Amino acid sequence: MALVVEEQRAAAAQWLDSVLKGYGLPTAEWDFVAASGQRVKVEISTRLIEQGGRLVEVEGIARDITERKRLEREILEISNREQQRIGHDLHDGSASNWPASRL
């Protein structure tokens, strides 16, 4: 838990506890602090390893998804800007089609 950013540690600990109990979501996203001090978005996938009906370990795979998340935000921002532009264009275009006496 030491790598998870401080404000997410309690929630990450609860998530891990629920995974260990077998009812947590197997995949979660957390912000980690890299060795460079930079904040990194990480997706962690887990699975429980059992032997003889007894939990012996949790296997996890962590992926750096920082760039993917940045691109997703960028796509949303572009989409929002385009929706606003289209709305403006439609509004401006419809108003210009009205006769001057109606404006």
# chains A, B, ... in the order shown; residues from 1 in each chain; ligands from 1

$ select_by_dssp --residues "chain A" --states "strand (DSSP E or B)" --output "JSON, numbers by chain"
{"A": [4, 27, 28, 29, 30, 31, 32, 33, 39, 40, 41, 42, 43, 44, 45, 46, 47, 48, 49, 50, 51, 54, 55, 56, 57, 58, 59, 60, 61, 62, 63, 64]}

$ write_last_selection --atoms "N, CA and C atoms" --output "tab-separated table (two decimals), in the first residue's frame"
chain	number	residue	atom	x	y	z
A	4	VAL	N	0.61	3.44	-3.18
A	4	VAL	CA	-0.65	4.10	-3.48
A	4	VAL	C	-0.60	5.50	-2.89
A	27	THR	N	-10.55	-6.25	-10.54
A	27	THR	CA	-9.76	-5.21	-11.20
A	27	THR	C	-10.12	-3.85	-10.61
A	28	ALA	N	-9.08	-3.06	-10.37
A	28	ALA	CA	-9.29	-1.72	-9.82
A	28	ALA	C	-8.22	-0.78	-10.37
A	29	GLU	N	-8.50	0.51	-10.28
A	29	GLU	CA	-7.54	1.53	-10.73
A	29	GLU	C	-7.15	2.38	-9.53
A	30	TRP	N	-5.84	2.57	-9.38
A	30	TRP	CA	-5.32	3.37	-8.27
A	30	TRP	C	-4.21	4.27	-8.79
A	31	ASP	N	-3.99	5.36	-8.10
A	31	ASP	CA	-2.88	6.25	-8.42
A	31	ASP	C	-1.70	5.86	-7.55
A	32	PHE	N	-0.56	5.61	-8.20
A	32	PHE	CA	0.67	5.25	-7.50
A	32	PHE	C	1.66	6.41	-7.62
A	33	VAL	N	2.62	6.41	-6.74
A	33	VAL	CA	3.73	7.35	-6.84
A	33	VAL	C	4.93	6.55	-7.33
A	39	ARG	N	3.10	10.96	-10.34
A	39	ARG	CA	1.86	10.22	-10.11
A	39	ARG	C	1.55	9.39	-11.37
A	40	VAL	N	1.23	8.12	-11.16
A	40	VAL	CA	0.97	7.19	-12.27
A	40	VAL	C	-0.34	6.48	-12.00
A	41	LYS	N	-1.22	6.41	-13.02
A	41	LYS	CA	-2.48	5.68	-12.91
A	41	LYS	C	-2.20	4.21	-13.24
A	42	VAL	N	-2.59	3.31	-12.33
A	42	VAL	CA	-2.30	1.89	-12.49
A	42	VAL	C	-3.59	1.09	-12.41
A	43	GLU	N	-3.74	0.14	-13.32
A	43	GLU	CA	-4.86	-0.81	-13.28
A	43	GLU	C	-4.31	-2.11	-12.72
A	44	ILE	N	-4.94	-2.61	-11.68
A	44	ILE	CA	-4.47	-3.85	-11.05
A	44	ILE	C	-5.54	-4.92	-11.22
A	45	SER	N	-5.13	-6.05	-11.80
A	45	SER	CA	-6.00	-7.20	-11.95
A	45	SER	C	-5.51	-8.27	-10.99
A	46	THR	N	-6.44	-8.90	-10.28
A	46	THR	CA	-6.04	-9.90	-9.29
A	46	THR	C	-6.80	-11.21	-9.50
A	47	ARG	N	-6.23	-12.24	-8.93
A	47	ARG	CA	-6.95	-13.51	-8.83
A	47	ARG	C	-6.42	-14.24	-7.60
A	48	LEU	N	-7.30	-14.99	-6.99
A	48	LEU	CA	-6.95	-15.73	-5.79
A	48	LEU	C	-6.39	-17.09	-6.19
A	49	ILE	N	-5.32	-17.49	-5.52
A	49	ILE	CA	-4.73	-18.80	-5.74
A	49	ILE	C	-5.03	-19.66	-4.52
A	50	GLU	N	-5.73	-20.75	-4.74
A	50	GLU	CA	-6.11	-21.64	-3.64
A	50	GLU	C	-5.47	-23.01	-3.84
A	51	GLN	N	-5.18	-23.64	-2.74
A	51	GLN	CA	-4.70	-25.02	-2.75
A	51	GLN	C	-5.45	-25.76	-1.66
A	54	ARG	N	-7.90	-23.75	0.36
A	54	ARG	CA	-7.35	-22.72	1.25
A	54	ARG	C	-6.62	-21.68	0.42
A	55	LEU	N	-6.87	-20.41	0.72
A	55	LEU	CA	-6.21	-19.32	0.02
A	55	LEU	C	-4.73	-19.32	0.39
A	56	VAL	N	-3.88	-19.39	-0.65
A	56	VAL	CA	-2.44	-19.37	-0.38
A	56	VAL	C	-1.77	-18.09	-0.84
A	57	GLU	N	-2.37	-17.42	-1.83
A	57	GLU	CA	-1.80	-16.15	-2.28
A	57	GLU	C	-2.76	-15.43	-3.21
A	58	VAL	N	-2.44	-14.17	-3.43
A	58	VAL	CA	-3.16	-13.36	-4.41
A	58	VAL	C	-2.17	-13.02	-5.50
A	59	GLU	N	-2.54	-13.31	-6.72
A	59	GLU	CA	-1.70	-12.98	-7.86
A	59	GLU	C	-2.22	-11.68	-8.45
A	60	GLY	N	-1.33	-10.77	-8.74
A	60	GLY	CA	-1.76	-9.50	-9.30
A	60	GLY	C	-0.90	-9.07	-10.48
A	61	ILE	N	-1.54	-8.39	-11.39
A	61	ILE	CA	-0.84	-7.81	-12.54
A	61	ILE	C	-1.19	-6.33	-12.56
A	62	ALA	N	-0.18	-5.49	-12.61
A	62	ALA	CA	-0.39	-4.05	-12.63
A	62	ALA	C	0.05	-3.50	-13.99
A	63	ARG	N	-0.79	-2.64	-14.56
A	63	ARG	CA	-0.49	-1.99	-15.83
A	63	ARG	C	-0.53	-0.49	-15.65
A	64	ASP	N	0.44	0.18	-16.22
A	64	ASP	CA	0.44	1.65	-16.22
A	64	ASP	C	-0.55	2.10	-17.29

$ select_by_dssp --residues "chain A" --states "helix (DSSP H, G or I)" --output "JSON, numbers by chain"
{"A": [6, 7, 8, 9, 10, 11, 12, 13, 14, 15, 16, 17, 18, 19, 20, 66, 67, 68, 69, 70, 71, 72, 73, 74, 75, 76, 77, 78, 79, 80, 81, 82, 83, 84, 85, 86, 87, 88, 89, 90, 91, 92, 93, 94, 95, 96, 100, 101, 102]}

$ atom_distance --atom1 "atom CA of Ile65 of chain A" --atom2 "atom CA of Gln38 of chain A"
13.6 Å

$ atom_distance --atom1 "atom CA of His88 of chain A" --atom2 "atom CA of Leu76 of chain A"
18.3 Å

$ atom_distance --atom1 "atom CA of Ala11 of chain A" --atom2 "atom CA of Lys69 of chain A"
20.1 Å
